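Pasting data_28.txt here (compact mmCIF, C-alpha atoms):
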```
# COMPACT_ATOMS: atom_id res chain seq x y z
CA MET A 1 158.73 -25.44 139.70
CA ILE A 2 157.66 -23.92 143.03
CA ARG A 3 161.22 -23.81 144.32
CA GLU A 4 162.26 -21.76 141.30
CA ALA A 5 160.43 -18.77 142.78
CA LEU A 6 163.05 -16.30 144.02
CA LEU A 7 161.50 -12.85 143.71
CA HIS A 8 159.84 -12.99 147.13
CA LEU A 9 163.18 -13.42 148.90
CA PRO A 10 164.57 -10.32 150.69
CA GLY A 11 166.81 -8.21 148.48
CA ILE A 12 166.11 -10.14 145.27
CA GLY A 13 164.46 -8.18 142.48
CA PRO A 14 164.12 -9.03 138.78
CA LYS A 15 167.66 -7.91 137.89
CA ARG A 16 169.35 -9.81 140.72
CA CYS A 17 167.14 -12.82 139.97
CA ASP A 18 168.39 -12.83 136.35
CA GLN A 19 171.97 -12.66 137.59
CA LEU A 20 171.39 -15.66 139.85
CA ARG A 21 169.90 -17.65 136.97
CA GLU A 22 172.94 -16.84 134.84
CA ALA A 23 175.14 -18.07 137.68
CA GLY A 24 173.33 -21.42 137.68
CA ILE A 25 171.06 -20.75 140.67
CA ALA A 26 167.78 -22.33 139.55
CA THR A 27 166.01 -22.84 142.89
CA TRP A 28 166.04 -21.50 146.41
CA LEU A 29 167.76 -24.73 147.48
CA ASP A 30 170.58 -23.94 145.05
CA LEU A 31 170.87 -20.53 146.67
CA LEU A 32 170.93 -22.11 150.11
CA ASP A 33 173.95 -24.16 149.01
CA ARG A 34 175.69 -21.15 147.49
CA PRO A 35 175.20 -18.13 149.76
CA ASP A 36 178.28 -16.52 148.22
CA ALA A 37 176.28 -15.97 145.02
CA LEU A 38 174.56 -13.00 146.67
CA ARG A 39 177.59 -11.55 148.44
CA PHE A 40 175.30 -10.26 151.17
CA PRO A 41 176.63 -9.33 154.62
CA PRO A 42 175.74 -11.87 157.34
CA ALA A 43 172.61 -10.09 158.58
CA ARG A 44 171.13 -9.75 155.09
CA TRP A 45 171.97 -13.34 154.22
CA ALA A 46 170.34 -14.52 157.47
CA ALA A 47 167.07 -12.90 156.36
CA VAL A 48 167.26 -14.66 152.99
CA GLU A 49 168.12 -17.97 154.61
CA ASN A 50 165.23 -17.67 157.05
CA ALA A 51 162.81 -16.92 154.19
CA ILE A 52 164.05 -19.94 152.22
CA LEU A 53 163.68 -22.26 155.20
CA ARG A 54 160.14 -21.04 155.87
CA CYS A 55 159.17 -21.58 152.24
CA GLU A 56 160.75 -25.01 152.14
CA GLU A 57 158.87 -25.97 155.28
CA ALA A 58 155.65 -24.72 153.67
CA VAL A 59 156.31 -26.89 150.60
CA GLN A 60 156.88 -29.92 152.78
CA ARG A 61 153.64 -29.24 154.70
CA ARG A 62 151.75 -28.34 151.50
CA ASP A 63 150.90 -25.01 153.11
CA LEU A 64 149.52 -23.39 149.99
CA PRO A 65 147.99 -20.35 151.76
CA PHE A 66 151.43 -19.37 153.07
CA LEU A 67 153.05 -19.79 149.65
CA ALA A 68 150.29 -17.90 147.84
CA GLN A 69 150.57 -15.00 150.26
CA THR A 70 154.37 -15.02 150.16
CA PHE A 71 155.04 -15.28 146.43
CA VAL A 72 154.92 -12.10 144.37
CA ALA A 73 152.14 -12.01 141.76
CA ARG A 74 154.64 -12.63 138.97
CA ASP A 75 155.55 -16.02 140.48
CA GLN A 76 152.14 -17.30 141.56
CA TRP A 77 151.74 -19.23 138.30
CA ARG A 78 154.30 -21.67 139.71
CA LEU A 79 151.89 -22.61 142.47
CA LEU A 80 149.01 -22.98 140.02
CA GLY A 81 151.15 -24.98 137.61
CA THR A 82 152.04 -27.47 140.32
CA TYR A 83 148.49 -27.89 141.63
CA TYR A 84 146.40 -27.17 138.51
CA GLU A 85 144.62 -30.54 138.55
CA ASP A 86 143.69 -30.11 142.22
CA ALA A 87 142.61 -26.47 141.96
CA ALA A 88 139.04 -25.24 142.29
CA PHE A 89 137.83 -22.47 139.97
CA PHE A 90 135.00 -20.27 141.17
CA ASP A 91 132.87 -17.23 140.42
CA ILE A 92 129.96 -15.47 142.08
CA GLU A 93 127.03 -13.32 141.02
CA THR A 94 125.37 -10.71 143.23
CA SER A 95 122.06 -8.87 143.30
CA GLY A 96 123.90 -5.61 142.57
CA LEU A 97 126.90 -3.58 143.64
CA GLY A 98 125.23 -1.66 146.46
CA ILE A 99 125.98 -2.12 150.13
CA ASP A 100 122.72 -4.02 150.60
CA SER A 101 123.36 -6.47 147.72
CA HIS A 102 123.87 -10.16 148.40
CA VAL A 103 125.35 -13.22 146.72
CA THR A 104 122.82 -14.82 144.38
CA VAL A 105 124.78 -17.64 142.70
CA ILE A 106 128.14 -19.32 143.22
CA ALA A 107 129.65 -21.70 140.68
CA CYS A 108 132.74 -23.79 141.38
CA TRP A 109 134.57 -26.40 139.31
CA PHE A 110 136.22 -28.90 141.64
CA ARG A 111 137.16 -32.54 141.28
CA ASP A 112 135.86 -32.83 137.71
CA ARG A 113 132.43 -31.47 138.55
CA LEU A 114 130.65 -28.14 138.25
CA HIS A 115 129.01 -27.31 141.58
CA THR A 116 126.33 -24.60 141.67
CA PHE A 117 124.84 -22.85 144.69
CA VAL A 118 121.78 -20.60 144.71
CA HIS A 119 120.69 -18.02 147.28
CA GLY A 120 117.86 -19.37 149.40
CA GLU A 121 118.36 -22.91 148.15
CA ASN A 122 121.80 -24.30 148.98
CA LEU A 123 124.19 -21.35 149.22
CA ASP A 124 125.63 -22.41 152.59
CA ASP A 125 126.74 -25.69 151.04
CA PHE A 126 129.55 -23.77 149.35
CA LEU A 127 131.25 -23.56 152.75
CA HIS A 128 131.23 -27.35 153.05
CA LEU A 129 132.92 -27.55 149.65
CA LEU A 130 135.39 -24.84 150.63
CA ASP A 131 136.58 -26.98 153.52
CA ASP A 132 137.95 -29.52 151.01
CA ILE A 133 139.66 -26.99 148.73
CA ASP A 134 143.38 -26.24 148.98
CA LEU A 135 143.69 -23.80 146.06
CA LEU A 136 140.91 -21.50 144.86
CA VAL A 137 141.22 -19.70 141.52
CA SER A 138 139.21 -16.70 140.35
CA PHE A 139 139.33 -13.73 138.00
CA ASN A 140 139.39 -10.43 139.89
CA GLY A 141 138.47 -12.41 143.00
CA ALA A 142 141.03 -10.66 145.19
CA SER A 143 139.15 -7.40 144.72
CA PHE A 144 135.58 -8.69 144.55
CA ASP A 145 134.57 -12.34 144.88
CA VAL A 146 136.65 -13.31 147.90
CA PRO A 147 135.85 -10.23 150.06
CA VAL A 148 132.16 -10.58 149.18
CA ILE A 149 132.18 -14.26 150.19
CA GLU A 150 133.91 -13.45 153.47
CA ARG A 151 131.33 -10.77 154.29
CA ALA A 152 128.37 -12.86 153.17
CA PHE A 153 129.29 -15.81 155.36
CA HIS A 154 130.79 -13.80 158.22
CA ILE A 155 134.19 -15.48 158.09
CA PRO A 156 137.47 -13.61 158.70
CA ARG A 157 139.29 -15.25 155.79
CA ILE A 158 138.73 -18.08 153.33
CA PRO A 159 140.51 -21.20 154.63
CA CYS A 160 142.54 -21.91 151.49
CA ALA A 161 145.07 -20.38 149.13
CA HIS A 162 143.69 -18.06 146.46
CA ILE A 163 145.12 -17.07 143.07
CA ASP A 164 143.64 -14.29 140.95
CA LEU A 165 144.05 -14.93 137.21
CA ARG A 166 143.58 -11.26 136.51
CA TRP A 167 147.12 -10.62 137.72
CA LEU A 168 148.62 -13.67 136.07
CA SER A 169 147.06 -12.41 132.82
CA HIS A 170 148.37 -8.91 133.50
CA HIS A 171 151.95 -10.16 133.71
CA GLN A 172 151.51 -11.82 130.32
CA GLU A 173 150.34 -8.54 128.76
CA LEU A 174 146.71 -9.68 128.74
CA ARG A 175 144.80 -6.70 130.14
CA GLY A 176 141.11 -5.98 130.54
CA GLY A 177 138.14 -8.04 131.68
CA LEU A 178 137.70 -11.78 131.41
CA LYS A 179 135.63 -11.64 128.21
CA GLN A 180 138.15 -9.36 126.51
CA ILE A 181 140.94 -11.79 127.35
CA GLU A 182 138.82 -14.73 126.19
CA TYR A 183 138.35 -13.04 122.82
CA ARG A 184 142.09 -12.47 122.43
CA LEU A 185 142.83 -16.11 123.28
CA GLY A 186 140.10 -17.56 121.07
CA ILE A 187 137.89 -18.87 123.88
CA HIS A 188 134.31 -19.00 122.60
CA ARG A 189 131.35 -19.43 124.94
CA PRO A 190 128.14 -21.31 124.08
CA ARG A 191 126.21 -19.24 121.57
CA ASP A 192 123.26 -18.50 123.84
CA LEU A 193 125.58 -17.04 126.51
CA VAL A 194 127.56 -14.74 124.21
CA GLY A 195 126.98 -11.15 125.30
CA VAL A 196 125.59 -11.96 128.74
CA ASP A 197 127.34 -9.77 131.30
CA GLY A 198 127.20 -8.77 134.95
CA ALA A 199 124.40 -6.27 134.41
CA GLU A 200 122.18 -8.92 132.81
CA ALA A 201 123.05 -11.28 135.66
CA VAL A 202 121.46 -8.78 138.07
CA TRP A 203 118.33 -8.50 135.88
CA LEU A 204 118.04 -12.27 135.60
CA TRP A 205 118.09 -12.64 139.37
CA ASP A 206 115.44 -9.94 139.69
CA ASP A 207 113.24 -11.75 137.16
CA TRP A 208 113.62 -14.96 139.16
CA ARG A 209 112.95 -13.26 142.48
CA ARG A 210 109.84 -11.39 141.30
CA MET A 211 108.29 -13.78 138.79
CA ARG A 212 109.83 -17.18 139.64
CA ASP A 213 110.77 -17.61 136.00
CA PRO A 214 112.88 -20.82 135.95
CA ARG A 215 114.38 -19.82 132.60
CA ALA A 216 115.87 -16.69 134.17
CA LEU A 217 117.50 -18.67 136.98
CA GLU A 218 118.76 -21.32 134.57
CA ARG A 219 120.36 -18.68 132.38
CA LEU A 220 121.94 -16.99 135.39
CA VAL A 221 123.40 -20.23 136.75
CA ARG A 222 124.69 -21.22 133.32
CA TYR A 223 126.30 -17.79 132.86
CA CYS A 224 128.09 -18.05 136.20
CA GLY A 225 129.15 -21.60 135.36
CA ALA A 226 130.48 -20.43 131.98
CA ASP A 227 132.74 -17.93 133.76
CA VAL A 228 134.14 -20.74 135.90
CA LEU A 229 134.77 -23.14 133.03
CA SER A 230 136.37 -20.36 131.03
CA LEU A 231 138.79 -19.84 133.93
CA ARG A 232 139.94 -23.45 133.60
CA ARG A 233 140.89 -22.91 129.96
CA LEU A 234 142.40 -19.49 130.63
CA ALA A 235 144.53 -20.90 133.45
CA ALA A 236 145.78 -23.72 131.23
CA LEU A 237 146.71 -21.31 128.43
CA LEU A 238 148.53 -18.99 130.83
CA LEU A 239 150.46 -21.93 132.22
CA GLN A 240 151.33 -23.23 128.76
CA ASN A 241 152.79 -19.79 128.02
CA GLN A 242 155.12 -20.49 130.96
CA ASN A 243 156.08 -23.87 129.44
CA CYS A 244 154.00 -25.82 131.96
CA SER A 245 152.76 -29.15 130.64
CA VAL A 246 149.09 -28.96 131.60
CA ALA A 247 146.21 -30.30 129.56
CA CYS A 248 143.96 -27.57 128.16
CA PRO A 249 140.31 -28.68 127.85
CA ASP A 250 138.92 -28.38 124.33
CA GLY A 251 135.76 -26.42 123.57
CA GLU A 252 133.32 -29.33 123.48
CA ALA A 253 134.60 -30.84 126.72
CA LEU A 254 134.79 -27.40 128.32
CA TRP A 255 131.12 -26.59 127.89
CA SER A 256 129.59 -30.04 128.41
CA ALA A 257 128.90 -29.24 132.08
CA ILE A 258 127.08 -26.05 131.05
CA HIS A 259 124.84 -27.89 128.59
CA ALA A 260 124.00 -30.40 131.33
CA LEU A 261 122.53 -27.59 133.43
CA GLU A 262 119.79 -27.01 130.84
CA SER A 263 118.04 -30.24 131.81
CA ASN A 264 117.74 -29.09 135.42
CA ALA A 265 115.85 -25.87 134.71
CA ASN A 266 112.54 -27.12 136.12
CA ALA A 267 113.99 -28.75 139.22
CA THR A 268 114.74 -25.54 141.10
CA VAL A 269 113.20 -24.87 144.50
CA PRO A 270 111.57 -21.39 144.84
CA VAL A 271 113.56 -18.95 146.96
CA PRO A 272 111.80 -16.84 149.63
CA ASP A 273 112.52 -13.11 149.32
CA SER A 274 113.62 -12.75 152.93
CA ILE A 275 116.25 -15.49 153.14
CA GLU A 276 119.85 -14.34 153.61
CA PRO A 277 122.92 -16.60 153.79
CA THR A 278 123.46 -17.75 157.36
CA LEU A 279 126.02 -19.82 159.18
CA SER A 280 125.61 -21.64 162.45
CA ALA A 281 127.57 -20.27 165.39
CA GLN A 282 129.43 -23.55 165.76
CA ARG A 283 130.49 -23.64 162.11
CA ARG A 284 131.44 -19.93 162.14
CA LEU A 285 133.67 -20.54 165.16
CA ARG A 286 135.33 -23.51 163.45
CA MET A 287 136.00 -21.46 160.30
CA ALA A 288 137.41 -18.59 162.38
CA LEU A 289 139.72 -20.90 164.32
CA ARG A 290 140.92 -22.58 161.14
CA ALA A 291 141.61 -19.22 159.50
CA SER A 292 143.54 -18.01 162.53
CA ARG A 293 145.96 -20.91 162.18
CA LEU A 294 146.86 -20.07 158.56
```
Hey, can you dump this file as C-alpha cells for me?
Amino acid sequence: MIREALLHLPGIGPKRCDQLREAGIATWLDLLDRPDALRFPPARWAAVENAILRCEEAVQRRDLPFLAQTFVARDQWRLLGTYYEDAAFFDIETSGLGIDSHVTVIACWFRDRLHTFVHGENLDDFLHLLDDIDLLVSFNGASFDVPVIERAFHIPRIPCAHIDLRWLSHHQELRGGLKQIEYRLGIHRPRDLVGVDGAEAVWLWDDWRRMRDPRALERLVRYCGADVLSLRRLAALLLQNQNCSVACPDGEALWSAIHALESNANATVPVPDSIEPTLSAQRRLRMALRASRL
C-alpha cells in the first residue's frame, strides 16, 4: 500500500500517475524495474531513482516522519492505512486563541486506551507518551494543535510522523469542521456532549479555574476525549473509502472510554492559577536532539 504512492516522485503528477497505472506500474519498485515507462532523460530519471531509493530505505527503517513529510497529502492515507492500529489520535483544548493562551487539556487514544492530561496536573506526561508514538493523527492539527504543542513545551518539532485528517477528508470531498463531517458520515456523539464546541471548552476551563467546579473540568475532558475518539472512527471510514480493510469501531465501543471518565469527576487535583507547562532542561535537550535527527 505504501509503495503504491507515486505522486511525490519528481515529474509525476496525477495524469502521468494514471498513465503509469495503465501501463501496469503499481508501485515505485515496479517503476524502478521499468525506467523506460517514464521515457525521462538520464538526469531526470536519476532524480526519480534517488527519490525511490530514499523512500524504500525509509520503509525498511520504518521512518514514518520522513514518509509523512515526503508524501503529498493525497497519498498520506496509505501511511495511515498501513499503521492504523498503531496510530495515536489526539486533540487539545486551550484557554483561548490569544497570544497569552495556554494548553488546558490534551486527550490521546493510544494502545487501546484514552489518555488525558490536564494543565497543572499532569500535562508534561504527554511528552513521555509522545516518545512512544510513531504516528500521530489529528484534525486540523497541522495548523493548530501541533504548533501549539511545540510552543507550549518548547520543542522544535514533535518527534513522530503526523497526519492531519482535515486534508484526507478534503480529498474525499468532505469539507468543513470535524462536527460537520461527523454529521455527514453519521457519527453521533454522546447526547450530553452534542453541541459542545471550542467556545464552550474555553468557558468550562474558566469555570474550573475560578470556581474549582469538578463538573466543568469533567465535561471539558470528556469533550476533548470525544474529539479524539471521533477521529478514530473518521479515520477508519476514510480508509474504507480507499478500500482499506480496517475495523471501524461501532458507536457503543467508541464512546465507552468517554463514559468511563464520568466516574473520575471527583478525583481531580486542583490546579494552581500560576502553573504553566514546563520541561526540564535535560529532557528539552533530548527532545531537540531527537528532532534534529529526523
Expressed in Å to a single decimal, how great is the separation between CA of Arg62 (chain A) and CA of Gln172 (chain A)?
26.9 Å
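With all atoms listed in the file as the atoms that count, the residue of A:Asp227, A:Asp207, A:Asp30, A:Asp124 with the shortest distance to Phe153 (chain A) is A:Asp124.
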Looking at all atoms listed in the file, which of A:Trp205, A:Trp45, A:Phe71, A:Phe117 is the one that sits closest to Ala161 (chain A)?
A:Phe71
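Of note, CA of Leu261 (chain A) and CA of Leu234 (chain A) are spaced 21.6 Å apart.
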Skipping near chain neighbours, those fewer than 5 positions away, what residues fall within 10 Å of Leu6 (chain A) using all atoms listed in the file, listed as an NGL selection string?
:A and (11-14 or 16-18 or 20-21 or 25-28 or 31 or 52 or 71-72 or 75)
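Shortest atom-to-atom contact with Trp208 (chain A) among A:His171, A:Arg233, A:His119, A:Arg74: A:His119, counting all atoms listed in the file.
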